[in-house]
Structure formats: structure tokens, C-alpha cells
>>> print(open('input.txt').read())   # compact mmCIF, C-alpha atoms and all ligand atoms
# COMPACT_ATOMS: atom_id res chain seq x y z
CA MET A 1 140.95 173.20 -22.46
CA LYS A 2 137.47 173.72 -21.09
CA ASN A 3 138.28 171.31 -18.25
CA LEU A 4 141.38 173.27 -17.41
CA PHE A 5 139.33 176.44 -17.10
CA ILE A 6 136.92 174.65 -14.80
CA LEU A 7 139.80 173.45 -12.64
CA LEU A 8 141.27 176.93 -12.54
CA SER A 9 137.97 178.49 -11.60
CA LEU A 10 137.60 175.95 -8.80
CA GLY A 11 141.00 176.98 -7.51
CA LEU A 12 142.36 173.49 -8.00
CA SER A 13 145.21 174.43 -10.27
CA SER A 14 147.64 174.76 -7.39
CA ALA A 15 146.93 171.24 -6.09
CA ALA A 16 149.74 169.03 -4.81
CA ALA A 17 152.13 171.75 -3.73
CA LEU A 18 153.75 169.35 -1.27
CA ALA A 19 156.28 167.47 -3.33
CA GLY A 20 155.48 163.83 -3.99
CA SER A 21 152.10 164.05 -2.31
CA ALA A 22 148.45 164.63 -3.15
CA PHE A 23 148.26 167.53 -0.72
CA THR A 24 148.48 171.28 -1.11
CA ASP A 25 149.86 171.74 2.42
CA ALA A 26 149.93 170.12 5.86
CA GLU A 27 146.39 171.31 6.70
CA ASP A 28 145.16 169.67 3.52
CA ALA A 29 146.83 166.41 4.58
CA VAL A 30 145.17 166.55 8.00
CA SER A 31 141.81 167.15 6.35
CA TYR A 32 142.42 164.13 4.10
CA ARG A 33 143.26 161.76 6.94
CA GLN A 34 140.35 162.96 9.08
CA HIS A 35 137.89 162.55 6.21
CA SER A 36 139.32 159.09 5.52
CA PHE A 37 138.65 158.12 9.13
CA GLN A 38 135.10 159.46 8.86
CA LEU A 39 134.47 157.29 5.80
CA ILE A 40 135.91 154.33 7.70
CA ARG A 41 133.48 155.10 10.53
CA HIS A 42 130.44 155.24 8.26
CA ASN A 43 131.15 151.86 6.72
CA PHE A 44 132.27 150.31 10.00
CA VAL A 45 129.18 151.41 11.96
CA ASP A 46 126.73 150.15 9.35
CA LEU A 47 128.44 146.76 9.31
CA GLY A 48 128.57 146.76 13.12
CA ASP A 49 124.82 147.39 13.31
CA MET A 50 124.30 144.40 11.04
CA MET A 51 126.59 142.18 13.08
CA ARG A 52 124.78 143.08 16.29
CA GLY A 53 121.37 142.48 14.73
CA LYS A 54 120.35 146.11 15.06
CA ILE A 55 119.48 146.01 11.37
CA PRO A 56 118.82 142.87 9.29
CA PHE A 57 121.85 141.16 7.80
CA ASP A 58 122.17 141.85 4.08
CA ALA A 59 125.05 140.01 2.41
CA LYS A 60 125.28 142.46 -0.51
CA ARG A 61 125.33 145.49 1.74
CA ALA A 62 127.91 143.83 4.00
CA GLU A 63 130.11 143.12 1.02
CA LYS A 64 129.83 146.72 -0.14
CA ARG A 65 130.94 147.89 3.32
CA VAL A 66 133.94 145.56 3.55
CA ASN A 67 135.05 146.35 0.02
CA ALA A 68 135.01 150.02 0.94
CA LEU A 69 136.91 149.30 4.17
CA ALA A 70 139.56 147.29 2.32
CA THR A 71 140.39 150.46 0.37
CA LEU A 72 139.67 153.10 2.99
CA THR A 73 141.98 151.50 5.56
CA THR A 74 144.88 152.10 3.16
CA LEU A 75 144.25 155.85 2.94
CA PRO A 76 144.98 157.88 6.09
CA TRP A 77 148.60 156.89 6.68
CA GLU A 78 150.48 158.84 4.01
CA ALA A 79 148.88 162.00 5.39
CA PHE A 80 150.77 161.51 8.66
CA GLU A 81 154.10 161.61 6.89
CA VAL A 82 154.10 164.81 4.87
CA PRO A 83 156.20 167.73 6.17
CA GLY A 84 154.36 169.64 8.90
CA ALA A 85 151.61 167.01 9.31
CA ASP A 86 152.66 166.64 12.95
CA LYS A 87 152.44 170.37 13.63
CA VAL A 88 148.84 171.07 12.65
CA LYS A 89 146.43 171.01 15.59
CA SER A 90 144.43 167.77 15.41
CA ASP A 91 143.51 164.76 17.54
CA ALA A 92 146.66 162.98 16.44
CA LYS A 93 149.00 162.66 19.45
CA ALA A 94 152.67 163.61 19.27
CA GLU A 95 153.48 159.99 20.24
CA ILE A 96 152.76 158.99 16.63
CA TRP A 97 155.87 160.73 15.37
CA GLN A 98 157.92 159.65 18.36
CA ASP A 99 157.33 156.03 17.41
CA LEU A 100 156.23 156.12 13.78
CA LYS A 101 157.36 152.52 13.32
CA ASP A 102 154.90 151.24 15.91
CA PHE A 103 152.11 153.47 14.55
CA LYS A 104 152.68 152.19 11.02
CA GLN A 105 152.73 148.63 12.30
CA LYS A 106 149.29 149.17 13.84
CA ALA A 107 148.11 150.65 10.55
CA GLU A 108 149.45 147.56 8.70
CA GLN A 109 147.63 145.20 11.07
CA PHE A 110 144.45 147.18 10.50
CA GLN A 111 144.76 146.75 6.73
CA THR A 112 145.58 143.05 7.05
CA ASP A 113 142.49 142.51 9.20
CA ALA A 114 140.38 144.47 6.69
CA LEU A 115 141.49 142.09 3.94
CA ALA A 116 140.65 139.08 6.12
CA LEU A 117 137.23 140.63 6.71
CA GLN A 118 136.79 141.10 2.98
CA THR A 119 137.60 137.42 2.40
CA ALA A 120 135.14 136.38 5.12
CA ALA A 121 132.40 138.54 3.60
CA LYS A 122 132.70 136.70 0.28
CA SER A 123 131.03 133.75 2.06
CA GLY A 124 127.87 135.83 2.37
CA ASP A 125 127.42 134.15 5.75
CA GLN A 126 126.94 136.29 8.86
CA ALA A 127 128.40 133.66 11.21
CA THR A 128 131.62 133.64 9.15
CA ILE A 129 131.84 137.44 8.96
CA LYS A 130 131.19 138.03 12.66
CA PRO A 131 134.54 136.86 14.11
CA ALA A 132 136.47 138.61 11.31
CA PHE A 133 134.55 141.79 12.07
CA ALA A 134 135.31 141.50 15.80
CA ASN A 135 138.97 141.05 14.99
CA PHE A 136 138.93 144.07 12.68
CA ALA A 137 137.08 146.20 15.26
CA LYS A 138 139.81 145.67 17.89
CA ASN A 139 142.17 147.83 15.85
CA CYS A 140 140.25 151.07 16.39
CA LYS A 141 140.59 151.11 20.16
CA ALA A 142 144.08 149.64 20.16
CA CYS A 143 145.35 152.56 18.09
CA HIS A 144 143.12 155.33 19.48
CA ASP A 145 144.04 154.55 23.11
CA GLN A 146 147.65 155.21 22.30
CA TYR A 147 147.64 157.70 19.46
CA LYS A 148 144.38 159.67 19.35
CA ALA A 149 143.31 162.39 21.78
CA ASP A 150 139.66 162.03 22.89
C1 LIG B 1 146.69 152.84 13.42
C2 LIG B 1 145.90 153.82 14.11
C3 LIG B 1 144.42 153.94 13.94
C4 LIG B 1 143.50 152.95 13.68
C5 LIG B 1 143.73 151.47 13.47
C6 LIG B 1 142.20 153.60 13.64
N1 LIG B 1 142.35 154.94 13.87
FE1 LIG B 1 140.84 156.30 13.92
N2 LIG B 1 142.20 157.80 14.21
C7 LIG B 1 143.55 157.61 14.40
C8 LIG B 1 144.18 158.90 14.62
C9 LIG B 1 145.65 159.14 14.88
C10 LIG B 1 143.16 159.87 14.56
C11 LIG B 1 143.30 161.40 14.69
C12 LIG B 1 143.54 161.98 13.30
C13 LIG B 1 143.67 163.47 13.26
O1 LIG B 1 142.99 164.19 14.03
O2 LIG B 1 144.44 163.94 12.41
C14 LIG B 1 141.93 159.13 14.28
C15 LIG B 1 140.69 159.75 14.13
C16 LIG B 1 139.51 159.06 13.91
C17 LIG B 1 138.22 159.70 13.76
C18 LIG B 1 137.94 161.22 13.83
C19 LIG B 1 138.22 161.85 12.46
C20 LIG B 1 137.96 163.36 12.45
O3 LIG B 1 137.01 163.79 11.79
O4 LIG B 1 138.70 164.09 13.13
C21 LIG B 1 137.30 158.70 13.58
C22 LIG B 1 135.79 158.87 13.37
C23 LIG B 1 138.03 157.44 13.62
N3 LIG B 1 139.36 157.71 13.80
C24 LIG B 1 137.44 156.21 13.48
C25 LIG B 1 138.14 155.01 13.46
C26 LIG B 1 137.51 153.70 13.38
C27 LIG B 1 136.00 153.45 13.34
C28 LIG B 1 138.51 152.78 13.37
C29 LIG B 1 138.40 151.29 13.29
C30 LIG B 1 137.47 150.68 12.36
C31 LIG B 1 139.76 153.52 13.44
N4 LIG B 1 139.49 154.86 13.51
C32 LIG B 1 141.02 152.93 13.43
C33 LIG B 1 144.22 156.43 14.37
C34 LIG B 1 143.67 155.19 14.07
>>> encode(input="input.txt", output="C-alpha cells")
Amino acid sequence: MKNLFILLSLGLSSAAALAGSAFTDAEDAVSYRQHSFQLIRHNFVDLGDMMRGKIPFDAKRAEKRVNALATLTTLPWEAFEVPGADKVKSDAKAEIWQDLKDFKQKAEQFQTDALALQTAAKSGDQATIKPAFANFAKNCKACHDQYKAD
């Protein structure tokens, strides 16, 4: 009961107003996907710095990053498909909804490459992780060029 009061006082009681989703409304969905991408960026950049030798390679830290990426890369996509998610002003281009199949295919490839990166990172060997990271990194530009406004 106490927890319920806390939730109510936080204004969270009306969560998930969009049927079958985790979002209160389309703006909430846009916020979710943008924050997901930011978390992807944080983990991606740290790993990238390691791969380029900007910071020393640390197998444990690399594994933490790729484990996060394996999950994070699954997150943004549902937030493109809730009602009104295409109408809110954001950097997502209208082309996404004109060819949702292609967009989702790119998202699938991204997740597949994240899992391959995760497998490579289990080796704890930088030389093994490097090509898997490069392959993973290609996805960002491939999708942004087509579907994200600068
Ligand atoms: C399948 C498509 C796709 C892939 C792959 C992808 N992105 Fe994005 N990204 C987008 C779209 C679309 C947006 C715009 C989202 C919006 O504004 O609602 C975006 C937005 C972002 C943003 C800005 C978020 C904000 O706060 O507005 C960052 C940062 C980002 N992506 C980083 C990355 C990185 C790093 C990678 C690769 C490791 C990546 N993205 C891979 C489609 C993609």
C-alpha cells in the first residue's frame, strides 16, 4: 500500500495509457527511444575508445559494454510503432514509416551484430573483438544516413 502511495505521489499511476505499450503517450515513446539511443552511444563510445587505443583495453569493461549493447539494441524499435510516434517532432525521418519493413530489417541486423560482438567479447581478446566491433559500428551510419535527420 505504501508503495502505491509513492507511485501515486510520483504521478506514475497513469503509466501505460497507450494500449499494449509501456508508454503514456507518443511523446513518452519518443523520449524512450531517444534515451535508448543515448545509452547505446555511451556504451558504444567507451568501447570504441578502447578499440582505437585511446584508453587501455580492459576485457572486463569491454564485456560490460557489449552486454549492455546486446540489450540496449533491442529497445528503441517498439517506440517507433505506437500510435502517433511518427507525428511527434524528432530526428526520426518520415521515411521510416514509409518503409517500416526496411527500417526494421536494419534494426534486426544491428541486434544480430550486437550479439556477434557479445560472443567475440567473451574471448577477452582485443584482436578478436575489433573486427566484430567494426562490423557493429557500420550499422549506425547505415541507418542514420537514411532515417535520421542531422
Ligand atoms: C536501424 C536504425 C538505427 C540504427 C542501427 C542506429 N540508430 Fe541511432 N537513431 C536512429 C533514429 C531513427 C534516431 C532518431 C530518433 C528520434 O529522434 O526519435 C536515432 C537517434 C540517435 C541518437 C540521438 C538520440 C537523441 O537524444 O535524440 C544517438 C546518440 C544515436 N542515434 C546513436 C546511435 C549509435 C551510436 C548507433 C550505433 C551503435 C545507432 N544510433 C544506430 C536510428 C538508428
>>> residues_around(input="input.txt", residues="Ser21 in chain A", least_positions_apart="4", cutoff="8 Å", atoms="all atoms listed in the file", output="PyMOL selection string")
chain A and resi 16-17+82
>>> residues_around(input="input.txt", residues="Lys148 in chain A", least_positions_apart="6", cutoff="6 Å", atoms="only C-alpha atoms", output="ChimeraX atom specification")
/A:91-93
>>> atom_distance(input="input.txt", atom1="CA of Phe133 in chain A", atom2="CA of Leu117 in chain A")
6.1 Å
>>> closest_atom_pairs(input="input.txt", of="chain A", to="ligand LIG 1 (chain B)", cutoff="8 Å", atoms="all atoms listed in the file", output="Markdown table")
| residue | atom | partner | partner_atom | distance |
| --- | --- | --- | --- | --- |
| A:Val30 | CA | B:LIG1 | O2 | 5.2 |
| A:Ser31 | CA | B:LIG1 | O2 | 7.3 |
| A:Arg33 | CA | B:LIG1 | O2 | 6.0 |
| A:Gln34 | CA | B:LIG1 | C19 | 4.1 |
| A:His35 | CA | B:LIG1 | O3 | 5.8 |
| A:Ser36 | CA | B:LIG1 | C19 | 7.5 |
| A:Phe37 | CA | B:LIG1 | C23 | 4.6 |
| A:Gln38 | CA | B:LIG1 | C22 | 4.6 |
| A:Leu39 | CA | B:LIG1 | C22 | 7.8 |
| A:Ile40 | CA | B:LIG1 | C27 | 5.7 |
| A:Arg41 | CA | B:LIG1 | C27 | 4.1 |
| A:His42 | CA | B:LIG1 | C27 | 7.7 |
| A:Phe44 | CA | B:LIG1 | C30 | 5.7 |
| A:Val45 | CA | B:LIG1 | C27 | 7.3 |
| A:Phe80 | CA | B:LIG1 | O2 | 7.7 |
| A:Lys89 | CA | B:LIG1 | O1 | 7.8 |
| A:Ser90 | CA | B:LIG1 | O1 | 4.1 |
| A:Asp91 | CA | B:LIG1 | O1 | 3.6 |
| A:Ala92 | CA | B:LIG1 | C11 | 4.1 |
| A:Lys93 | CA | B:LIG1 | C9 | 6.7 |
| A:Ile96 | CA | B:LIG1 | C9 | 7.3 |
| A:Phe103 | CA | B:LIG1 | C1 | 5.6 |
| A:Lys104 | CA | B:LIG1 | C1 | 6.5 |
| A:Gln105 | CA | B:LIG1 | C1 | 7.4 |
| A:Lys106 | CA | B:LIG1 | C1 | 4.5 |
| A:Ala107 | CA | B:LIG1 | C1 | 3.9 |
| A:Glu108 | CA | B:LIG1 | C1 | 7.6 |
| A:Gln109 | CA | B:LIG1 | C5 | 7.8 |
| A:Phe110 | CA | B:LIG1 | C5 | 5.3 |
| A:Phe136 | CA | B:LIG1 | C30 | 6.8 |
| A:Ala137 | CA | B:LIG1 | C30 | 5.4 |
| A:Lys138 | CA | B:LIG1 | C29 | 7.4 |
| A:Asn139 | CA | B:LIG1 | C5 | 4.6 |
| A:Cys140 | CA | B:LIG1 | C32 | 3.6 |
| A:Lys141 | CA | B:LIG1 | C32 | 7.0 |
| A:Ala142 | CA | B:LIG1 | C5 | 6.9 |
| A:Cys143 | CA | B:LIG1 | C2 | 4.2 |
| A:His144 | CA | B:LIG1 | C33 | 5.3 |
| A:Tyr147 | CA | B:LIG1 | C9 | 5.2 |
| A:Lys148 | CA | B:LIG1 | C9 | 4.7 |
| A:Ala149 | CA | B:LIG1 | C11 | 7.2 |
>>> residues_around(input="input.txt", residues="Ile129 in chain A", least_positions_apart="6", cutoff="8 Å", atoms="all atoms listed in the file", output="PDB file with C-alpha atoms, keeping the file's coordinate frame")
ATOM      1  CA  LEU A 117     137.230 140.630   6.710  1.00  0.00           C
ATOM      2  CA  ALA A 120     135.140 136.380   5.120  1.00  0.00           C
ATOM      3  CA  ALA A 121     132.400 138.540   3.600  1.00  0.00           C
ATOM      4  CA  SER A 123     131.030 133.750   2.060  1.00  0.00           C
TER       5      SER A 123
END
>>> closest_residue(input="input.txt", among="A:Gln118, A:Gln146, A:Asn135, A:Thr24", to="Ala79 in chain A", atoms="all atoms listed in the file")
A:Thr24
>>> axis_aligned_box(input="input.txt", around="range 62-73 of chain A", padding_each_side="6 Å", output="AutoDock Vina command-line options")
--center_x 134.9 --center_y 148.1 --center_z 2.7 --size_x 26.1 --size_y 22.0 --size_z 17.7
